[in-house]
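So this block is upload.txt, compact mmCIF, C-alpha atoms:
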# COMPACT_ATOMS: atom_id res chain seq x y z
CA MET A 330 188.20 31.00 12.67
CA ALA A 331 187.89 32.93 15.91
CA GLU A 332 189.39 31.24 18.94
CA LYS A 333 186.80 30.07 21.42
CA ARG A 334 186.97 32.05 24.67
CA THR A 335 186.97 30.12 27.93
CA PHE A 336 185.07 31.02 31.09
CA ARG A 337 188.33 32.22 32.64
CA ASP A 338 188.97 34.61 29.74
CA ILE A 339 185.46 36.04 29.92
CA ALA A 340 185.57 36.39 33.71
CA ARG A 341 189.02 38.03 33.59
CA HIS A 342 187.73 40.52 31.02
CA ILE A 343 184.69 41.41 33.17
CA ILE A 344 186.52 41.59 36.49
CA PHE A 345 189.79 43.29 35.59
CA ASP A 346 188.84 45.42 32.58
CA SER A 347 186.82 48.62 32.77
CA ASN A 348 186.14 49.61 29.16
CA THR A 349 183.05 47.54 28.41
CA VAL A 350 179.48 47.65 29.68
CA PRO A 351 179.66 44.28 31.56
CA SER A 352 182.87 45.28 33.35
CA LYS A 353 181.48 48.69 34.30
CA LEU A 354 178.29 47.10 35.60
CA PHE A 355 180.38 44.64 37.62
CA ASP A 356 182.42 47.48 39.16
CA LEU A 357 179.29 49.51 39.95
CA GLY A 358 177.64 46.50 41.58
CA LEU A 359 180.78 45.78 43.56
CA ILE A 360 181.06 49.36 44.81
CA GLY A 361 177.39 49.31 45.79
CA ALA A 362 177.84 46.05 47.70
CA ILE A 363 180.94 47.43 49.47
CA THR A 364 179.07 50.56 50.53
CA LEU A 365 176.09 48.56 51.83
CA SER A 366 178.31 46.12 53.72
CA VAL A 367 180.17 48.94 55.49
CA LEU A 368 176.81 50.55 56.33
CA VAL A 369 175.69 47.27 57.92
CA VAL A 370 178.82 47.19 60.10
CA MET A 371 178.28 50.80 61.16
CA LEU A 372 174.61 50.22 62.04
CA ASP A 373 175.52 47.11 64.02
CA SER A 374 177.78 49.24 66.24
CA VAL A 375 174.75 51.32 67.35
CA GLU A 376 173.57 49.64 70.56
CA PRO A 377 169.76 50.12 70.14
CA LEU A 378 169.91 48.83 66.55
CA HIS A 379 172.14 45.95 67.60
CA ARG A 380 169.64 44.90 70.28
CA ALA A 381 166.65 45.19 67.92
CA TYR A 382 168.10 43.90 64.65
CA GLY A 383 171.36 42.20 65.64
CA ARG A 384 170.37 38.86 64.10
CA GLU A 385 169.35 40.41 60.77
CA LEU A 386 172.47 42.58 60.60
CA LEU A 387 174.66 39.56 61.37
CA MET A 388 173.03 37.60 58.54
CA LEU A 389 173.59 40.48 56.14
CA GLU A 390 177.19 40.77 57.27
CA TRP A 391 177.85 37.11 56.63
CA GLY A 392 176.03 37.32 53.30
CA PHE A 393 178.27 40.15 52.09
CA THR A 394 181.34 38.32 53.41
CA LEU A 395 180.47 35.19 51.45
CA ILE A 396 179.91 37.28 48.31
CA PHE A 397 183.29 39.00 48.71
CA THR A 398 184.96 35.67 49.47
CA VAL A 399 183.66 34.19 46.22
CA GLU A 400 184.73 37.34 44.40
CA TYR A 401 188.25 37.17 45.89
CA LEU A 402 188.65 33.50 44.98
CA LEU A 403 187.34 34.27 41.50
CA ARG A 404 189.89 37.06 41.10
CA LEU A 405 192.65 34.65 42.12
CA TYR A 406 191.38 32.09 39.62
CA VAL A 407 191.15 34.41 36.61
CA ALA A 408 194.21 36.59 37.34
CA SER A 409 197.01 36.21 34.81
CA SER A 410 199.48 36.21 37.72
CA ARG A 411 197.86 35.02 40.93
CA LEU A 412 200.88 35.82 43.10
CA ARG A 413 201.14 39.36 41.73
CA TYR A 414 197.45 40.00 42.40
CA ALA A 415 197.62 38.50 45.91
CA ARG A 416 200.57 40.75 46.77
CA SER A 417 199.15 43.88 45.13
CA PHE A 418 197.51 46.72 47.07
CA PHE A 419 193.98 45.77 46.03
CA GLY A 420 194.69 42.08 46.52
CA ILE A 421 195.72 42.66 50.13
CA ILE A 422 192.73 44.96 50.75
CA ASP A 423 190.37 42.39 49.21
CA LEU A 424 191.71 39.73 51.56
CA LEU A 425 191.66 41.93 54.67
CA SER A 426 188.08 42.93 53.92
CA ILE A 427 186.81 39.38 54.44
CA LEU A 428 189.06 38.01 57.20
CA PRO A 429 187.56 39.98 60.17
CA THR A 430 184.19 38.24 59.83
CA TYR A 431 185.82 34.81 60.02
CA PHE A 432 188.04 35.92 62.90
CA SER A 433 184.96 37.18 64.77
CA VAL A 434 183.90 33.54 65.27
CA PHE A 435 186.90 33.09 67.56
CA MET A 436 187.47 36.74 68.63
CA PRO A 437 184.16 38.62 68.97
CA GLY A 438 184.40 42.28 68.06
CA THR A 439 186.93 41.95 65.25
CA GLN A 440 184.12 42.19 62.70
CA TYR A 441 184.12 45.97 63.15
CA PHE A 442 187.43 46.04 61.30
CA LEU A 443 185.33 45.39 58.21
CA VAL A 444 185.05 49.17 57.78
CA MET A 445 188.34 48.83 55.92
CA ARG A 446 186.19 47.60 53.05
CA PHE A 447 185.80 51.26 52.19
CA PHE A 448 189.35 51.07 50.82
CA ARG A 449 187.94 48.90 48.08
CA VAL A 450 185.85 51.83 46.89
CA LEU A 451 189.15 53.18 45.51
CA ARG A 452 188.36 50.99 42.52
CA ILE A 453 186.04 53.78 41.44
CA PHE A 454 189.17 55.65 40.30
CA ARG A 455 189.60 53.04 37.61
CA LEU A 456 185.91 53.06 36.74
CA LEU A 457 185.67 56.84 36.35
CA LYS A 458 189.17 57.08 34.86
CA LEU A 459 190.29 59.52 37.55
CA VAL A 460 193.85 58.25 37.26
CA THR A 461 194.61 61.25 35.07
CA PHE A 462 194.38 63.38 38.21
CA VAL A 463 197.28 61.49 39.77
CA LYS A 464 199.73 63.83 38.01
CA GLU A 465 198.20 66.76 39.85
CA ALA A 466 198.50 64.82 43.09
CA ASP A 467 202.17 64.24 42.23
CA PHE A 468 202.56 68.01 41.83
CA VAL A 469 201.14 68.63 45.32
CA THR A 470 203.32 65.85 46.76
CA ALA A 471 206.43 67.31 45.13
CA SER A 472 205.59 70.74 46.55
CA ILE A 473 205.26 69.31 50.06
CA ARG A 474 208.55 67.45 49.71
CA ALA A 475 210.29 70.61 48.50
CA SER A 476 208.93 72.41 51.57
CA GLY A 477 210.02 69.60 53.90
CA ARG A 478 213.05 71.31 55.44
CA LYS A 479 211.23 74.57 56.07
CA ILE A 480 208.33 72.73 57.68
CA MET A 481 210.73 70.70 59.85
CA VAL A 482 212.41 73.90 61.07
CA PHE A 483 208.98 75.34 61.84
CA LEU A 484 207.88 72.21 63.73
CA PHE A 485 211.13 72.23 65.70
CA PHE A 486 210.44 75.84 66.70
CA VAL A 487 206.90 74.91 67.81
CA LEU A 488 208.23 71.94 69.79
CA VAL A 489 210.75 74.11 71.62
CA MET A 490 208.10 76.75 72.29
CA VAL A 491 205.55 74.32 73.80
CA CYS A 492 208.28 72.76 75.97
CA ILE A 493 209.24 76.17 77.34
CA VAL A 494 205.66 77.33 77.86
CA GLY A 495 204.65 73.99 79.39
CA SER A 496 207.53 74.20 81.85
CA LEU A 497 206.61 77.79 82.75
CA MET A 498 202.98 76.82 83.34
CA TYR A 499 204.12 74.01 85.66
CA MET A 500 206.16 76.53 87.63
CA ILE A 501 203.36 79.14 87.67
CA GLU A 502 200.31 76.97 88.31
CA GLY A 503 201.69 73.91 90.07
CA PRO A 504 200.00 70.59 90.94
CA GLU A 505 197.22 72.32 92.90
CA ASN A 506 195.82 73.72 89.61
CA GLY A 507 196.14 70.51 87.59
CA PHE A 508 199.67 70.97 86.23
CA ARG A 509 201.13 68.00 88.11
CA SER A 510 204.23 67.63 85.95
CA ILE A 511 206.13 69.29 83.12
CA PRO A 512 204.85 66.73 80.55
CA GLU A 513 201.27 67.65 81.53
CA GLY A 514 202.20 71.31 81.08
CA ILE A 515 203.58 70.52 77.63
CA TYR A 516 200.38 68.60 76.82
CA TRP A 517 198.34 71.67 77.78
CA ALA A 518 200.59 73.90 75.65
CA ILE A 519 200.14 71.64 72.60
CA VAL A 520 196.36 71.56 73.06
CA THR A 521 196.31 75.34 73.42
CA VAL A 522 198.64 76.27 70.57
CA THR A 523 196.69 74.04 68.18
CA THR A 524 193.47 75.85 69.29
CA VAL A 525 191.88 72.49 70.22
CA GLY A 526 191.24 73.47 73.84
CA TYR A 527 189.92 70.32 75.55
CA GLY A 528 189.47 72.21 78.81
CA ASP A 529 190.61 69.32 81.01
CA ILE A 530 193.45 71.53 82.30
CA SER A 531 193.20 75.30 82.56
CA PRO A 532 195.27 77.96 84.33
CA GLN A 533 193.79 79.57 87.44
CA THR A 534 196.28 82.32 88.28
CA VAL A 535 196.42 85.73 86.62
CA LEU A 536 199.93 85.16 85.28
CA GLY A 537 198.99 81.72 83.98
CA ARG A 538 195.94 83.06 82.15
CA PHE A 539 198.02 85.90 80.69
CA LEU A 540 200.53 83.36 79.33
CA ALA A 541 197.68 81.22 78.03
CA ALA A 542 196.16 84.21 76.21
CA ILE A 543 199.48 84.94 74.50
CA LEU A 544 199.82 81.28 73.49
CA MET A 545 196.30 81.26 72.04
CA ILE A 546 197.03 84.31 69.90
CA VAL A 547 200.31 82.79 68.75
CA GLY A 548 198.42 79.59 67.93
CA TYR A 549 196.24 81.34 65.36
CA SER A 550 199.36 82.75 63.70
CA ILE A 551 201.11 79.38 63.71
CA ILE A 552 198.28 77.62 61.85
CA ALA A 553 198.87 79.72 58.74
CA VAL A 554 202.64 79.17 58.56
CA PRO A 555 202.77 75.63 57.02
CA THR A 556 200.04 76.58 54.55
CA GLY A 557 202.02 79.63 53.49
CA ILE A 558 205.22 77.62 53.08
CA VAL A 559 203.60 74.98 50.88
CA SER A 560 201.60 77.56 48.89
CA ALA A 561 204.75 79.56 48.13
CA GLU A 562 206.52 76.39 47.00
CA MET A 563 203.58 75.41 44.80
CA THR A 564 203.58 78.87 43.19
CA SER A 565 207.31 78.61 42.54
CA MET A 566 206.97 75.14 41.02
CA GLN A 567 204.00 76.26 38.93
CA LYS A 568 206.16 78.97 37.40
CA LYS A 569 208.87 76.43 36.68
CA ARG A 570 206.29 74.25 34.95
CA GLY A 571 205.84 77.07 32.45
CA GLN A 572 208.99 75.89 30.69
CA LYS A 573 209.09 75.41 26.93
CA LYS A 574 209.82 71.67 27.10
CA PHE A 575 208.22 69.14 29.43
CA CYS A 576 207.86 65.37 29.72
CA PRO A 577 204.30 63.94 29.71
CA ASN A 578 205.42 61.21 32.13
CA CYS A 579 207.39 63.45 34.53
CA PRO A 580 205.46 66.74 34.70
CA ILE A 581 207.41 68.00 37.73
CA ALA A 582 210.86 67.58 36.15
CA LEU A 583 212.68 70.60 34.75
CA HIS A 584 214.42 70.56 31.37
CA ASP A 585 216.52 72.90 29.30
CA ASP A 586 214.87 74.55 26.32
CA ASP A 587 217.15 72.68 23.89
CA SER A 588 216.55 69.26 25.47
CA ILE A 589 215.00 66.51 23.39
CA TYR A 590 214.63 63.63 25.85
CA CYS A 591 213.62 63.54 29.53
CA ARG A 592 216.59 63.35 31.88
CA TYR A 593 214.64 61.00 34.21
CA CYS A 594 212.68 58.53 32.09
CA GLY A 595 214.21 59.07 28.64
CA GLY A 596 210.83 59.91 27.08
CA LEU A 597 210.47 62.34 24.20
CA LEU A 598 209.88 65.92 25.38
CA VAL A 599 207.05 68.00 23.96
CA SER A 600 206.64 71.73 23.72
CA SER A 601 204.38 73.28 26.33
CA PRO A 602 201.47 75.38 25.03
CA ARG A 603 201.81 79.14 25.47
Can you give me the file's structure in the form of structure tokens?
Amino acid sequence: MAEKRTFRDIARHIIFDSNTVPSKLFDLGLIGAITLSVLVVMLDSVEPLHRAYGRELLMLEWGFTLIFTVEYLLRLYVASSRLRYARSFFGIIDLLSILPTYFSVFMPGTQYFLVMRFFRVLRIFRLLKLVTFVKEADFVTASIRASGRKIMVFLFFVLVMVCIVGSLMYMIEGPENGFRSIPEGIYWAIVTVTTVGYGDISPQTVLGRFLAAILMIVGYSIIAVPTGIVSAEMTSMQKKRGQKKFCPNCPIALHDDDSIYCRYCGGLLVSSPR
């Protein structure tokens, strides 16, 4: 005789699973509600809309907050380990997505922190089963880590360069042209070398403009350097991934051709397709 399922079992299956129609519908409805609630917060920050529809937007905001509060309490109730859920990434995000509205009663303005509800849309990864792409993200992360020292040397070079150029611009232009201190000169050098160019400070002398022109040209060259470093490391690691044996759980790890088990997780190695 089949064991009778309780409300908690059914609710846990719908809320935390993602392989059945009810659970998928629940996730889709939740993502839709999250998107609409964030849209309400964004519209409320527009002054003309706030003046015209502030009351209606506030009611919608509280409505969504009450819905998410009930959902959070329901998740706590049906979770197999309430403490583990409360301390998990999504558990913390779920809680932080409802607190600003309650805090706004005592501290007006904090309700705009509700835009962090967009973090809850990350649940769509589970719904669409995009977790399989995490391995590729691990590959990119490993490539960046492998390039870390080269990038740090490059950033140190850029830092030294902007300090020198900023100091020179302070000496050339002086306070009368907006360069009132060496830190302001360094700020201008950073803005210029990154090709942002706010325009709040600009050289006025011929020598200062000549130095600025050189720095602008160097800035375009500098932008490509980190990309080249990481790309070269990714190409190198991609070649290493062409090994004969690899671990499904540790795709970045390297193994000898005669290895049987992964040196990191102990999993059985498989032969890579050729």
- Message: With only C-alpha atoms as the counted atoms, please give the residues lying no more than 9 Å from A:Tyr516, apart from itself and same-chain residues fewer than 6 positions off, as a list in words.
- Response: Val491, Cys492 and Gly495 of chain A
- Measuring atom to atom with only C-alpha atoms, identify which of A:Ser560, A:Thr335, A:Thr523, A:Ser531 is nearest to A:Val487.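 Closest residue, counting only C-alpha atoms: A:Thr523.
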- Closest to A:Leu389 among A:Val375, A:Leu368, A:Val535, A:Leu402, using all atoms listed in the file?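 The closest residue to A:Leu389 is A:Leu368.
Put simply, atom CA of A:Thr398 is 11.8 Å away from atom CA of A:Pro429.
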- Task: Between A:Val367, A:Met500, A:Ile480, A:Ile493, single out the one closest to A:Leu536, counting all atoms listed in the file.
- Result: A:Met500
- Taking all atoms listed in the file into account, which of A:Leu488, A:Ile473, A:Leu544, A:Val399 comes nearest A:Val559?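 Looking only at the distances to A:Val559, the closest residue turns out to be A:Ile473.
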- So which one's closest to A:Thr521, A:Tyr499, A:Phe485, A:Tyr549, A:Trp391? Using only C-alpha atoms, please.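 Under the stated criterion, the closest residue is A:Tyr549.
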- Separation of atom CA of A:Leu403 from atom CA of A:Val350, in Å and rounded to one decimal: 19.5 Å
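Remark: for A:Phe539, the closest of the candidate residues A:Ala471, A:Asp356, A:Met490, A:Ile501 is A:Ile501 (distances computed over all atoms listed in the file).
Atom CA of A:Ile530 to atom CA of A:Ala553 spans 25.5 Å [interatomic distance, one decimal].
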- Query: If we count only C-alpha atoms, what is near A:Met388 at a cut-off of 12 Å, once residues fewer than 4 positions away on the same chain are taken out, given as a PyMOL selection string?
  - Reply: chain A and resi 366+369-370+373+382-384+392-395+430
- Item | Test item: residues at most 10 Å from A:Ile551, only C-alpha atoms, excluding those fewer than 4 positions along its chain, as a ChimeraX atom specification | /A:483-484,487,522-523,545-547,555-556
Same residues, C-alpha atoms, saved as an mmCIF file, keeping the file's coordinate frame:
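Now in selection_28.cif:
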data_model
loop_
_atom_site.group_PDB
_atom_site.id
_atom_site.type_symbol
_atom_site.label_atom_id
_atom_site.label_comp_id
_atom_site.auth_asym_id
_atom_site.auth_seq_id
_atom_site.Cartn_x
_atom_site.Cartn_y
_atom_site.Cartn_z
ATOM 1 C CA PHE A 483 208.980 75.340 61.840
ATOM 2 C CA LEU A 484 207.880 72.210 63.730
ATOM 3 C CA VAL A 487 206.900 74.910 67.810
ATOM 4 C CA VAL A 522 198.640 76.270 70.570
ATOM 5 C CA THR A 523 196.690 74.040 68.180
ATOM 6 C CA MET A 545 196.300 81.260 72.040
ATOM 7 C CA ILE A 546 197.030 84.310 69.900
ATOM 8 C CA VAL A 547 200.310 82.790 68.750
ATOM 9 C CA PRO A 555 202.770 75.630 57.020
ATOM 10 C CA THR A 556 200.040 76.580 54.550
#
Rebuild stretch 342-353 of chain A to N, CA, C and O atoms - output it as a short mmCIF file (atom, residue, chain, number, x, y, z; two decimals), in the frame of the given file, please.
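Here's the written file selection-v6.cif:
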data_model
loop_
_atom_site.label_atom_id
_atom_site.label_comp_id
_atom_site.auth_asym_id
_atom_site.auth_seq_id
_atom_site.Cartn_x
_atom_site.Cartn_y
_atom_site.Cartn_z
N HIS A 342 188.09 39.30 31.75
CA HIS A 342 187.73 40.52 31.02
C HIS A 342 186.72 41.35 31.81
O HIS A 342 186.84 42.57 31.91
N ILE A 343 185.73 40.69 32.42
CA ILE A 343 184.69 41.41 33.17
C ILE A 343 185.24 41.97 34.47
O ILE A 343 184.95 43.11 34.85
N ILE A 344 186.06 41.20 35.15
CA ILE A 344 186.52 41.59 36.49
C ILE A 344 187.63 42.63 36.45
O ILE A 344 187.61 43.61 37.20
N PHE A 345 188.60 42.44 35.55
CA PHE A 345 189.79 43.29 35.59
C PHE A 345 189.77 44.42 34.56
O PHE A 345 190.55 45.36 34.69
N ASP A 346 188.93 44.32 33.54
CA ASP A 346 188.84 45.42 32.58
C ASP A 346 187.81 46.43 33.04
O ASP A 346 187.03 46.18 33.96
N SER A 347 187.80 47.59 32.39
CA SER A 347 186.82 48.62 32.77
C SER A 347 186.33 49.41 31.57
O SER A 347 185.81 50.51 31.72
N ASN A 348 186.49 48.85 30.37
CA ASN A 348 186.14 49.61 29.16
C ASN A 348 184.87 49.11 28.48
O ASN A 348 184.47 49.68 27.47
N THR A 349 184.27 48.06 29.02
CA THR A 349 183.05 47.54 28.41
C THR A 349 181.88 47.67 29.38
O THR A 349 182.07 47.87 30.58
N VAL A 350 180.69 47.52 28.84
CA VAL A 350 179.48 47.65 29.68
C VAL A 350 179.44 46.58 30.77
O VAL A 350 179.17 46.90 31.94
N PRO A 351 179.69 45.28 30.48
CA PRO A 351 179.66 44.28 31.56
C PRO A 351 180.66 44.57 32.68
O PRO A 351 180.33 44.42 33.86
N SER A 352 181.87 45.00 32.31
CA SER A 352 182.87 45.28 33.35
C SER A 352 182.49 46.49 34.18
O SER A 352 182.70 46.52 35.39
N LYS A 353 181.91 47.50 33.54
CA LYS A 353 181.48 48.69 34.30
C LYS A 353 180.32 48.34 35.23
O LYS A 353 180.26 48.83 36.36
#
